[in-house]
$ cat query_3.pdb   # PDB, C-alpha atoms
ATOM      1  CA  ASN G   1       0.000   0.000   0.000  1.00  0.00           C
ATOM      2  CA  ALA G   2       1.815   3.134  -1.234  1.00  0.00           C
ATOM      3  CA  GLY G   3      -0.245   5.670   0.783  1.00  0.00           C
ATOM      4  CA  VAL G   4       0.540   9.251  -0.284  1.00  0.00           C
ATOM      5  CA  THR G   5       3.143   9.659  -3.012  1.00  0.00           C
ATOM      6  CA  GLN G   6       4.754  12.975  -3.900  1.00  0.00           C
ATOM      7  CA  THR G   7       7.008  13.834  -6.815  1.00  0.00           C
ATOM      8  CA  PRO G   8       9.578  15.204  -7.238  1.00  0.00           C
ATOM      9  CA  LYS G   9      11.453  14.822  -3.937  1.00  0.00           C
ATOM     10  CA  PHE G  10      13.868  17.634  -4.774  1.00  0.00           C
ATOM     11  CA  ARG G  11      13.746  20.504  -7.253  1.00  0.00           C
ATOM     12  CA  ILE G  12      15.685  23.691  -7.877  1.00  0.00           C
ATOM     13  CA  LEU G  13      13.900  26.473  -9.747  1.00  0.00           C
ATOM     14  CA  LYS G  14      14.993  29.844 -11.029  1.00  0.00           C
ATOM     15  CA  ILE G  15      12.994  32.928 -10.107  1.00  0.00           C
ATOM     16  CA  GLY G  16       9.995  33.260 -12.422  1.00  0.00           C
ATOM     17  CA  GLN G  17       9.859  29.617 -13.474  1.00  0.00           C
ATOM     18  CA  SER G  18       6.743  27.524 -12.995  1.00  0.00           C
ATOM     19  CA  MET G  19       6.311  23.933 -11.907  1.00  0.00           C
ATOM     20  CA  THR G  20       3.820  21.419 -10.592  1.00  0.00           C
ATOM     21  CA  LEU G  21       4.253  19.238  -7.526  1.00  0.00           C
ATOM     22  CA  GLN G  22       2.419  15.982  -7.994  1.00  0.00           C
ATOM     23  CA  CYS G  23       0.520  14.150  -5.240  1.00  0.00           C
ATOM     24  CA  THR G  24      -1.450  10.940  -5.457  1.00  0.00           C
ATOM     25  CA  GLN G  25      -3.049   8.737  -2.802  1.00  0.00           C
ATOM     26  CA  ASP G  26      -4.389   5.214  -3.071  1.00  0.00           C
ATOM     27  CA  MET G  27      -6.454   5.114   0.132  1.00  0.00           C
ATOM     28  CA  ASN G  28      -9.663   6.511  -1.429  1.00  0.00           C
ATOM     29  CA  HIS G  29      -9.562   9.445   0.985  1.00  0.00           C
ATOM     30  CA  ASN G  30     -11.934  12.285   0.226  1.00  0.00           C
ATOM     31  CA  TYR G  31      -9.816  15.005   1.893  1.00  0.00           C
ATOM     32  CA  MET G  32      -6.449  16.128   0.540  1.00  0.00           C
ATOM     33  CA  TYR G  33      -4.132  18.952   1.617  1.00  0.00           C
ATOM     34  CA  TRP G  34      -0.984  20.819   0.722  1.00  0.00           C
ATOM     35  CA  TYR G  35       1.216  22.170   3.505  1.00  0.00           C
ATOM     36  CA  ARG G  36       4.537  23.969   3.480  1.00  0.00           C
ATOM     37  CA  GLN G  37       7.054  23.588   6.288  1.00  0.00           C
ATOM     38  CA  ASP G  38       9.708  26.195   6.944  1.00  0.00           C
ATOM     39  CA  PRO G  39      12.389  25.779   9.645  1.00  0.00           C
ATOM     40  CA  GLY G  40      10.986  26.537  13.093  1.00  0.00           C
ATOM     41  CA  MET G  41       7.588  27.473  11.663  1.00  0.00           C
ATOM     42  CA  GLY G  42       5.565  24.275  11.794  1.00  0.00           C
ATOM     43  CA  LEU G  43       3.140  23.385   9.005  1.00  0.00           C
ATOM     44  CA  LYS G  44       1.152  26.019   7.141  1.00  0.00           C
ATOM     45  CA  LEU G  45      -1.875  24.996   5.072  1.00  0.00           C
ATOM     46  CA  ILE G  46      -1.749  26.191   1.453  1.00  0.00           C
ATOM     47  CA  TYR G  47      -4.850  24.619  -0.101  1.00  0.00           C
ATOM     48  CA  TYR G  48      -7.148  21.743   0.669  1.00  0.00           C
ATOM     49  CA  SER G  49      -9.873  19.739  -1.023  1.00  0.00           C
ATOM     50  CA  VAL G  50     -12.869  17.930   0.437  1.00  0.00           C
ATOM     51  CA  GLY G  51     -13.511  15.927  -2.720  1.00  0.00           C
ATOM     52  CA  ALA G  52     -13.082  15.810  -6.472  1.00  0.00           C
ATOM     53  CA  GLY G  53     -13.943  19.146  -8.057  1.00  0.00           C
ATOM     54  CA  ILE G  54     -13.838  21.069  -4.754  1.00  0.00           C
ATOM     55  CA  THR G  55     -10.873  23.079  -3.504  1.00  0.00           C
ATOM     56  CA  ASP G  56     -10.448  25.840  -0.940  1.00  0.00           C
ATOM     57  CA  LYS G  57      -7.737  28.200   0.245  1.00  0.00           C
ATOM     58  CA  GLY G  58      -5.790  27.613   3.400  1.00  0.00           C
ATOM     59  CA  GLU G  59      -3.670  30.030   5.407  1.00  0.00           C
ATOM     60  CA  VAL G  60      -0.999  30.808   2.767  1.00  0.00           C
ATOM     61  CA  PRO G  61      -2.464  30.339  -0.761  1.00  0.00           C
ATOM     62  CA  ASN G  62      -0.818  33.262  -2.584  1.00  0.00           C
ATOM     63  CA  GLY G  63       1.436  32.172  -5.439  1.00  0.00           C
ATOM     64  CA  TYR G  64      -0.083  28.703  -5.688  1.00  0.00           C
ATOM     65  CA  ASN G  65      -2.928  26.970  -7.490  1.00  0.00           C
ATOM     66  CA  VAL G  66      -4.489  23.536  -7.166  1.00  0.00           C
ATOM     67  CA  SER G  67      -6.972  21.316  -8.942  1.00  0.00           C
ATOM     68  CA  ARG G  68      -8.757  18.114  -7.948  1.00  0.00           C
ATOM     69  CA  SER G  69     -10.111  16.344 -11.004  1.00  0.00           C
ATOM     70  CA  THR G  70      -9.976  12.876  -9.415  1.00  0.00           C
ATOM     71  CA  THR G  71     -10.167  11.476  -5.884  1.00  0.00           C
ATOM     72  CA  GLU G  72      -6.581  10.221  -6.150  1.00  0.00           C
ATOM     73  CA  ASP G  73      -4.686  13.262  -7.444  1.00  0.00           C
ATOM     74  CA  PHE G  74      -4.126  16.750  -6.029  1.00  0.00           C
ATOM     75  CA  PRO G  75      -1.367  18.632  -7.888  1.00  0.00           C
ATOM     76  CA  LEU G  76       0.038  21.928  -6.600  1.00  0.00           C
ATOM     77  CA  ARG G  77       1.049  24.496  -9.200  1.00  0.00           C
ATOM     78  CA  LEU G  78       3.607  27.221  -8.557  1.00  0.00           C
ATOM     79  CA  GLU G  79       3.407  30.111 -11.004  1.00  0.00           C
ATOM     80  CA  LEU G  80       6.284  32.596 -11.222  1.00  0.00           C
ATOM     81  CA  ALA G  81       8.417  31.034  -8.495  1.00  0.00           C
ATOM     82  CA  ALA G  82       9.881  33.394  -5.892  1.00  0.00           C
ATOM     83  CA  PRO G  83      12.631  32.844  -3.269  1.00  0.00           C
ATOM     84  CA  SER G  84       9.923  33.066  -0.568  1.00  0.00           C
ATOM     85  CA  GLN G  85       8.538  29.792  -1.917  1.00  0.00           C
ATOM     86  CA  THR G  86      11.714  27.936  -0.959  1.00  0.00           C
ATOM     87  CA  SER G  87      10.371  25.336   1.473  1.00  0.00           C
ATOM     88  CA  VAL G  88       9.513  21.700   2.036  1.00  0.00           C
ATOM     89  CA  TYR G  89       6.061  20.876   0.718  1.00  0.00           C
ATOM     90  CA  PHE G  90       3.921  18.085   2.139  1.00  0.00           C
ATOM     91  CA  CYS G  91       0.820  16.578   0.639  1.00  0.00           C
ATOM     92  CA  ALA G  92      -1.571  14.789   2.986  1.00  0.00           C
ATOM     93  CA  SER G  93      -4.881  12.993   2.842  1.00  0.00           C
ATOM     94  CA  SER G  94      -7.525  11.970   5.340  1.00  0.00           C
ATOM     95  CA  ARG G  95     -10.853  10.277   5.608  1.00  0.00           C
ATOM     96  CA  GLN G  96     -13.377  12.369   7.483  1.00  0.00           C
ATOM     97  CA  ARG G  97     -13.989  10.783  10.867  1.00  0.00           C
ATOM     98  CA  THR G  98     -16.040  12.018  13.752  1.00  0.00           C
ATOM     99  CA  SER G  99     -16.216  11.158  17.437  1.00  0.00           C
ATOM    100  CA  GLY G 100     -19.195  12.651  19.214  1.00  0.00           C
ATOM    101  CA  GLY G 101     -19.617  15.118  16.358  1.00  0.00           C
ATOM    102  CA  LYS G 102     -15.957  16.190  16.490  1.00  0.00           C
ATOM    103  CA  ASN G 103     -13.622  15.976  13.520  1.00  0.00           C
ATOM    104  CA  THR G 104     -10.854  13.514  14.379  1.00  0.00           C
ATOM    105  CA  GLY G 105      -9.579  12.361  10.990  1.00  0.00           C
ATOM    106  CA  GLU G 106      -5.932  11.270  10.896  1.00  0.00           C
ATOM    107  CA  LEU G 107      -3.719  12.954   8.308  1.00  0.00           C
ATOM    108  CA  PHE G 108      -1.483  10.688   6.225  1.00  0.00           C
ATOM    109  CA  PHE G 109       1.494  12.588   4.848  1.00  0.00           C
ATOM    110  CA  GLY G 110       3.762  12.028   1.895  1.00  0.00           C
ATOM    111  CA  GLU G 111       7.541  12.165   2.288  1.00  0.00           C
ATOM    112  CA  GLY G 112       7.771  15.768   1.168  1.00  0.00           C
ATOM    113  CA  SER G 113       9.156  17.727  -1.774  1.00  0.00           C
ATOM    114  CA  ARG G 114      12.087  20.045  -1.082  1.00  0.00           C
ATOM    115  CA  LEU G 115      11.936  23.077  -3.367  1.00  0.00           C
ATOM    116  CA  THR G 116      14.643  25.711  -3.690  1.00  0.00           C
ATOM    117  CA  VAL G 117      14.081  28.902  -5.695  1.00  0.00           C
ATOM    118  CA  LEU G 118      17.243  30.759  -6.670  1.00  0.00           C
TER     119      LEU G 118
ATOM    120  CA  THR F   1      -6.237  33.906  14.629  1.00  0.00           C
ATOM    121  CA  GLN F   2      -5.926  30.668  16.548  1.00  0.00           C
ATOM    122  CA  LEU F   3      -2.430  29.740  17.670  1.00  0.00           C
ATOM    123  CA  LEU F   4      -0.895  26.696  19.285  1.00  0.00           C
ATOM    124  CA  GLU F   5       2.260  27.415  21.261  1.00  0.00           C
ATOM    125  CA  GLN F   6       4.603  24.500  21.847  1.00  0.00           C
ATOM    126  CA  SER F   7       7.330  24.419  24.475  1.00  0.00           C
ATOM    127  CA  PRO F   8      10.138  23.871  24.712  1.00  0.00           C
ATOM    128  CA  GLN F   9      11.194  24.501  21.129  1.00  0.00           C
ATOM    129  CA  PHE F  10      14.297  22.311  21.549  1.00  0.00           C
ATOM    130  CA  LEU F  11      15.091  19.581  24.064  1.00  0.00           C
ATOM    131  CA  SER F  12      18.276  17.528  24.324  1.00  0.00           C
ATOM    132  CA  ILE F  13      18.381  14.797  26.964  1.00  0.00           C
ATOM    133  CA  GLN F  14      20.195  11.581  27.865  1.00  0.00           C
ATOM    134  CA  GLU F  15      18.720   8.157  27.324  1.00  0.00           C
ATOM    135  CA  GLY F  16      16.628   7.080  30.311  1.00  0.00           C
ATOM    136  CA  GLU F  17      15.476  10.561  31.315  1.00  0.00           C
ATOM    137  CA  ASN F  18      11.836  11.628  31.502  1.00  0.00           C
ATOM    138  CA  LEU F  19      10.471  14.674  29.701  1.00  0.00           C
ATOM    139  CA  THR F  20       7.293  16.616  29.103  1.00  0.00           C
ATOM    140  CA  VAL F  21       6.430  18.844  26.164  1.00  0.00           C
ATOM    141  CA  TYR F  22       3.529  21.256  26.133  1.00  0.00           C
ATOM    142  CA  CYS F  23       1.008  22.555  23.643  1.00  0.00           C
ATOM    143  CA  ASN F  24      -0.965  25.627  24.743  1.00  0.00           C
ATOM    144  CA  SER F  25      -3.594  27.903  23.259  1.00  0.00           C
ATOM    145  CA  SER F  26      -6.071  30.561  24.312  1.00  0.00           C
ATOM    146  CA  SER F  27      -8.605  28.905  22.000  1.00  0.00           C
ATOM    147  CA  VAL F  28     -10.778  25.865  22.559  1.00  0.00           C
ATOM    148  CA  PHE F  29     -10.293  22.919  20.215  1.00  0.00           C
ATOM    149  CA  SER F  30     -12.726  20.115  19.565  1.00  0.00           C
ATOM    150  CA  SER F  31      -9.900  17.611  19.324  1.00  0.00           C
ATOM    151  CA  LEU F  32      -6.126  17.604  19.357  1.00  0.00           C
ATOM    152  CA  GLN F  33      -3.613  15.397  17.622  1.00  0.00           C
ATOM    153  CA  TRP F  34       0.070  14.707  18.241  1.00  0.00           C
ATOM    154  CA  TYR F  35       2.387  13.796  15.370  1.00  0.00           C
ATOM    155  CA  ARG F  36       6.056  12.775  15.272  1.00  0.00           C
ATOM    156  CA  GLN F  37       8.227  13.679  12.314  1.00  0.00           C
ATOM    157  CA  GLU F  38      11.633  12.179  11.571  1.00  0.00           C
ATOM    158  CA  PRO F  39      14.179  13.903   9.295  1.00  0.00           C
ATOM    159  CA  GLY F  40      13.328  13.603   5.602  1.00  0.00           C
ATOM    160  CA  GLU F  41       9.878  12.170   6.267  1.00  0.00           C
ATOM    161  CA  GLY F  42       6.332  13.379   6.731  1.00  0.00           C
ATOM    162  CA  PRO F  43       4.648  13.561  10.164  1.00  0.00           C
ATOM    163  CA  VAL F  44       3.039  10.394  11.511  1.00  0.00           C
ATOM    164  CA  LEU F  45       0.053  10.454  13.849  1.00  0.00           C
ATOM    165  CA  LEU F  46       0.697   9.301  17.434  1.00  0.00           C
ATOM    166  CA  VAL F  47      -2.641   9.986  19.088  1.00  0.00           C
ATOM    167  CA  THR F  48      -5.917  11.928  18.936  1.00  0.00           C
ATOM    168  CA  VAL F  49      -7.594  13.232  22.086  1.00  0.00           C
ATOM    169  CA  VAL F  50     -11.173  14.481  21.981  1.00  0.00           C
ATOM    170  CA  THR F  51     -12.490  14.809  25.549  1.00  0.00           C
ATOM    171  CA  GLY F  52     -11.411  17.415  28.102  1.00  0.00           C
ATOM    172  CA  GLY F  53      -9.237  15.744  30.744  1.00  0.00           C
ATOM    173  CA  GLU F  54      -8.643  12.698  28.586  1.00  0.00           C
ATOM    174  CA  VAL F  55      -5.431  10.734  29.129  1.00  0.00           C
ATOM    175  CA  LYS F  56      -4.095   8.277  26.564  1.00  0.00           C
ATOM    176  CA  LYS F  57      -1.046   6.068  26.833  1.00  0.00           C
ATOM    177  CA  LEU F  58       1.049   4.700  23.997  1.00  0.00           C
ATOM    178  CA  LYS F  59       3.771   2.508  25.545  1.00  0.00           C
ATOM    179  CA  ARG F  60       6.130   5.020  27.246  1.00  0.00           C
ATOM    180  CA  LEU F  61       4.229   8.049  25.930  1.00  0.00           C
ATOM    181  CA  THR F  62       1.379   9.634  27.920  1.00  0.00           C
ATOM    182  CA  PHE F  63      -0.845  12.263  26.335  1.00  0.00           C
ATOM    183  CA  GLN F  64      -3.257  14.520  28.206  1.00  0.00           C
ATOM    184  CA  PHE F  65      -5.895  16.914  26.922  1.00  0.00           C
ATOM    185  CA  GLY F  66      -6.617  19.830  29.260  1.00  0.00           C
ATOM    186  CA  ASP F  67      -9.987  20.008  31.014  1.00  0.00           C
ATOM    187  CA  ALA F  68     -10.872  23.164  29.077  1.00  0.00           C
ATOM    188  CA  ARG F  69      -9.604  21.680  25.769  1.00  0.00           C
ATOM    189  CA  LYS F  70      -7.134  24.560  25.331  1.00  0.00           C
ATOM    190  CA  ASP F  71      -3.916  22.699  26.066  1.00  0.00           C
ATOM    191  CA  SER F  72      -2.244  19.327  25.940  1.00  0.00           C
ATOM    192  CA  SER F  73       0.908  17.645  27.152  1.00  0.00           C
ATOM    193  CA  LEU F  74       3.067  14.757  26.049  1.00  0.00           C
ATOM    194  CA  HIS F  75       5.135  12.955  28.677  1.00  0.00           C
ATOM    195  CA  ILE F  76       7.812  10.434  27.719  1.00  0.00           C
ATOM    196  CA  THR F  77       9.135   8.057  30.357  1.00  0.00           C
ATOM    197  CA  ALA F  78      12.656   6.654  30.089  1.00  0.00           C
ATOM    198  CA  ALA F  79      13.367   8.261  26.721  1.00  0.00           C
ATOM    199  CA  GLN F  80      15.239   6.253  24.104  1.00  0.00           C
ATOM    200  CA  PRO F  81      17.264   7.382  21.060  1.00  0.00           C
ATOM    201  CA  GLY F  82      14.404   6.123  18.881  1.00  0.00           C
ATOM    202  CA  ASP F  83      12.188   8.856  20.378  1.00  0.00           C
ATOM    203  CA  THR F  84      14.310  11.494  18.644  1.00  0.00           C
ATOM    204  CA  GLY F  85      12.288  13.638  16.265  1.00  0.00           C
ATOM    205  CA  LEU F  86      10.044  16.663  15.857  1.00  0.00           C
ATOM    206  CA  TYR F  87       6.830  16.484  17.880  1.00  0.00           C
ATOM    207  CA  LEU F  88       3.927  18.481  16.497  1.00  0.00           C
ATOM    208  CA  CYS F  89       0.566  19.159  18.067  1.00  0.00           C
ATOM    209  CA  ALA F  90      -2.425  20.029  15.892  1.00  0.00           C
ATOM    210  CA  GLY F  91      -5.808  21.315  17.011  1.00  0.00           C
ATOM    211  CA  ALA F  92      -9.086  20.887  15.156  1.00  0.00           C
ATOM    212  CA  ASN F  93     -12.168  23.067  15.341  1.00  0.00           C
ATOM    213  CA  TYR F  94     -15.703  21.871  15.833  1.00  0.00           C
ATOM    214  CA  GLY F  95     -17.302  20.434  12.730  1.00  0.00           C
ATOM    215  CA  GLY F  96     -16.293  21.908   9.416  1.00  0.00           C
ATOM    216  CA  SER F  97     -13.577  20.469   7.263  1.00  0.00           C
ATOM    217  CA  GLN F  98     -10.158  19.247   8.263  1.00  0.00           C
ATOM    218  CA  GLY F  99      -8.939  22.524   6.748  1.00  0.00           C
ATOM    219  CA  ASN F 100      -9.406  23.972  10.199  1.00  0.00           C
ATOM    220  CA  LEU F 101      -6.502  21.929  11.626  1.00  0.00           C
ATOM    221  CA  ILE F 102      -3.953  24.278  13.264  1.00  0.00           C
ATOM    222  CA  PHE F 103      -0.382  23.072  13.795  1.00  0.00           C
ATOM    223  CA  GLY F 104       2.057  24.215  16.452  1.00  0.00           C
ATOM    224  CA  LYS F 105       5.679  24.959  15.502  1.00  0.00           C
ATOM    225  CA  GLY F 106       6.921  21.753  17.082  1.00  0.00           C
ATOM    226  CA  THR F 107       9.338  20.558  19.751  1.00  0.00           C
ATOM    227  CA  LYS F 108      12.590  19.117  18.431  1.00  0.00           C
ATOM    228  CA  LEU F 109      13.698  16.293  20.733  1.00  0.00           C
ATOM    229  CA  SER F 110      17.146  14.740  20.717  1.00  0.00           C
ATOM    230  CA  VAL F 111      17.807  11.712  22.924  1.00  0.00           C
ATOM    231  CA  LYS F 112      21.482  10.867  23.258  1.00  0.00           C
ATOM    232  CA  PRO F 113      22.639   7.316  24.047  1.00  0.00           C
TER     233      PRO F 113
END
$ encode --input "query_3.pdb" --output "structure tokens"
Amino acid sequence: NAGVTQTPKFRILKIGQSMTLQCTQDMNHNYMYWYRQDPGMGLKLIYYSVGAGITDKGEVPNGYNVSRSTTEDFPLRLELAAPSQTSVYFCASSRQRTSGGKNTGELFFGEGSRLTVL
Amino acid sequence: TQLLEQSPQFLSIQEGENLTVYCNSSSVFSSLQWYRQEPGEGPVLLVTVVTGGEVKKLKRLTFQFGDARKDSSLHITAAQPGDTGLYLCAGANYGGSQGNLIFGKGTKLSVKP
């Protein structure tokens, strides 16, 4: 069972270039997420999706775009890369679970994609 | 803006010692999760707590959710080098989507043999 798979693992971009980080999951989870992790800053949510065809902005969406055409795939697009987008990017998925009406779904993370913009 | 403050930010101890890390907020969360992240990998869920005052144990790890559901602690007994990693707490709001999950900045633990 592969879980959440991200590609590429490493990438160096020049300022102004564009690229797409790929993410696929094989657990049939309805929720998918993109986070970025900067040193000492924890995880910041970029975009998330509650199902195919539905996406929504997280805390730090500027400079990024997403799409969710299938349950399995949730690519993250960087347009006009900037040095501020240098970070480690994590894709995650979850199945909505509730306990007493509370959202308790476990996030399953990929191994991360380390992006450097020079 | 909801925030989760974790302390300490860094912790370096010897094998066999006990330790406690904290996750505090001024906001109420419907549930709280603890994750551990090892270098070069994504975070992995350790536990979810949902009831105020709840205590959960996972081998040598004890997790507690505050009575008011604003804070949580993680206690490790007799730490081992395999416990080394970044510990992240994450709070979820009532209902809504998992997009409301708020992460703390993490506690980086190093256990030396």
$ closest_atom_pairs --input "query_3.pdb" --of "chain F" --to "chain G" --cutoff "7 Å" --atoms "only C-alpha atoms" --output "Markdown table"
| residue | atom | partner | partner_atom | distance |
| --- | --- | --- | --- | --- |
| F:Ser30 | CA | G:Lys102 | CA | 5.9 |
| F:Ser31 | CA | G:Thr104 | CA | 6.5 |
| F:Gly40 | CA | G:Glu111 | CA | 6.8 |
| F:Glu41 | CA | G:Glu111 | CA | 4.6 |
| F:Gly42 | CA | G:Glu111 | CA | 4.8 |
| F:Pro43 | CA | G:Phe109 | CA | 6.3 |
| F:Val44 | CA | G:Phe108 | CA | 7.0 |
| F:Leu45 | CA | G:Glu106 | CA | 6.7 |
| F:Thr48 | CA | G:Thr104 | CA | 6.9 |
| F:Ala92 | CA | G:Asn103 | CA | 6.9 |
| F:Tyr94 | CA | G:Lys102 | CA | 5.7 |
| F:Gly95 | CA | G:Lys102 | CA | 5.8 |
| F:Gly99 | CA | G:Tyr48 | CA | 6.4 |
| F:Phe103 | CA | G:Leu43 | CA | 6.0 |
| F:Gly104 | CA | G:Gly42 | CA | 5.8 |
| F:Lys105 | CA | G:Gly42 | CA | 3.8 |
| F:Gly106 | CA | G:Gly42 | CA | 6.0 |
$ write_last_selection --input "query_3.pdb" --atoms "C-alpha atoms" --output "PDB file, in the coordinates of the input"
ATOM      1  CA  SER F  30     -12.726  20.115  19.565  1.00  0.00           C
ATOM      2  CA  SER F  31      -9.900  17.611  19.324  1.00  0.00           C
ATOM      3  CA  GLY F  40      13.328  13.603   5.602  1.00  0.00           C
ATOM      4  CA  GLU F  41       9.878  12.170   6.267  1.00  0.00           C
ATOM      5  CA  GLY F  42       6.332  13.379   6.731  1.00  0.00           C
ATOM      6  CA  PRO F  43       4.648  13.561  10.164  1.00  0.00           C
ATOM      7  CA  VAL F  44       3.039  10.394  11.511  1.00  0.00           C
ATOM      8  CA  LEU F  45       0.053  10.454  13.849  1.00  0.00           C
ATOM      9  CA  THR F  48      -5.917  11.928  18.936  1.00  0.00           C
ATOM     10  CA  ALA F  92      -9.086  20.887  15.156  1.00  0.00           C
ATOM     11  CA  TYR F  94     -15.703  21.871  15.833  1.00  0.00           C
ATOM     12  CA  GLY F  95     -17.302  20.434  12.730  1.00  0.00           C
ATOM     13  CA  GLY F  99      -8.939  22.524   6.748  1.00  0.00           C
ATOM     14  CA  PHE F 103      -0.382  23.072  13.795  1.00  0.00           C
ATOM     15  CA  GLY F 104       2.057  24.215  16.452  1.00  0.00           C
ATOM     16  CA  LYS F 105       5.679  24.959  15.502  1.00  0.00           C
ATOM     17  CA  GLY F 106       6.921  21.753  17.082  1.00  0.00           C
TER      18      GLY F 106
END
$ atom_distance --input "query_3.pdb" --atom1 "atom CA of G:Thr24" --atom2 "atom CA of G:Phe74"
6.4 Å
$ resolve_selection --input "query_3.pdb" --expression "the PyMOL selection byres ((chain F and resi 11) around 12)" --output "JSON, numbers by chain"
{"F": [6, 7, 8, 9, 10, 12, 13, 14, 17, 18, 19, 20, 21, 22, 79, 83, 84, 85, 86, 87, 106, 107, 108, 109, 110, 111, 112]}
$ atom_distance --input "query_3.pdb" --atom1 "atom CA of F:Phe29" --atom2 "atom CA of F:Leu61"
21.6 Å
$ atom_distance --input "query_3.pdb" --atom1 "atom CA of F:Gln64" --atom2 "atom CA of F:Gly52"
8.7 Å
$ closest_residue --input "query_3.pdb" --among "G:Leu115, G:Val60, G:Leu78, G:Ser87" --to "G:Met19" --atoms "all atoms listed in the file"
G:Leu78
$ residues_around --input "query_3.pdb" --residues "G:Val66" --least-positions-apart "6" --cutoff "6 Å" --atoms "only C-alpha atoms" --output "ChimeraX atom specification"
/G:75-77
$ resolve_selection --input "query_3.pdb" --expression "the PyMOL selection byres ((chain G and resi 18) around 10)" --output "VMD selection string"
chain G and resid 13 to 17 19 to 20 77 to 82
$ resolve_selection --input "query_3.pdb" --expression "the PyMOL selection byres ((chain F and resi 62) around 6)" --output "ChimeraX atom specification"
/F:56-57,61,63,74-75
$ write_last_selection --input "query_3.pdb" --atoms "C-alpha atoms" --output "PDB file, keeping the file's coordinate frame"
ATOM      1  CA  LYS F  56      -4.095   8.277  26.564  1.00  0.00           C
ATOM      2  CA  LYS F  57      -1.046   6.068  26.833  1.00  0.00           C
ATOM      3  CA  LEU F  61       4.229   8.049  25.930  1.00  0.00           C
ATOM      4  CA  PHE F  63      -0.845  12.263  26.335  1.00  0.00           C
ATOM      5  CA  LEU F  74       3.067  14.757  26.049  1.00  0.00           C
ATOM      6  CA  HIS F  75       5.135  12.955  28.677  1.00  0.00           C
TER       7      HIS F  75
END
$ closest_residue --input "query_3.pdb" --among "G:Met27, G:Leu21, G:Ile54, G:Leu118" --to "G:Glu72" --atoms "all atoms listed in the file"
G:Met27
$ residues_near_point --input "query_3.pdb" --point "(-6.2, 22.1, 30.9)" --cutoff "12 Å" --atoms "all atoms listed in the file" --output "PyMOL selection string"
chain F and resi 22-29+51-55+64-73
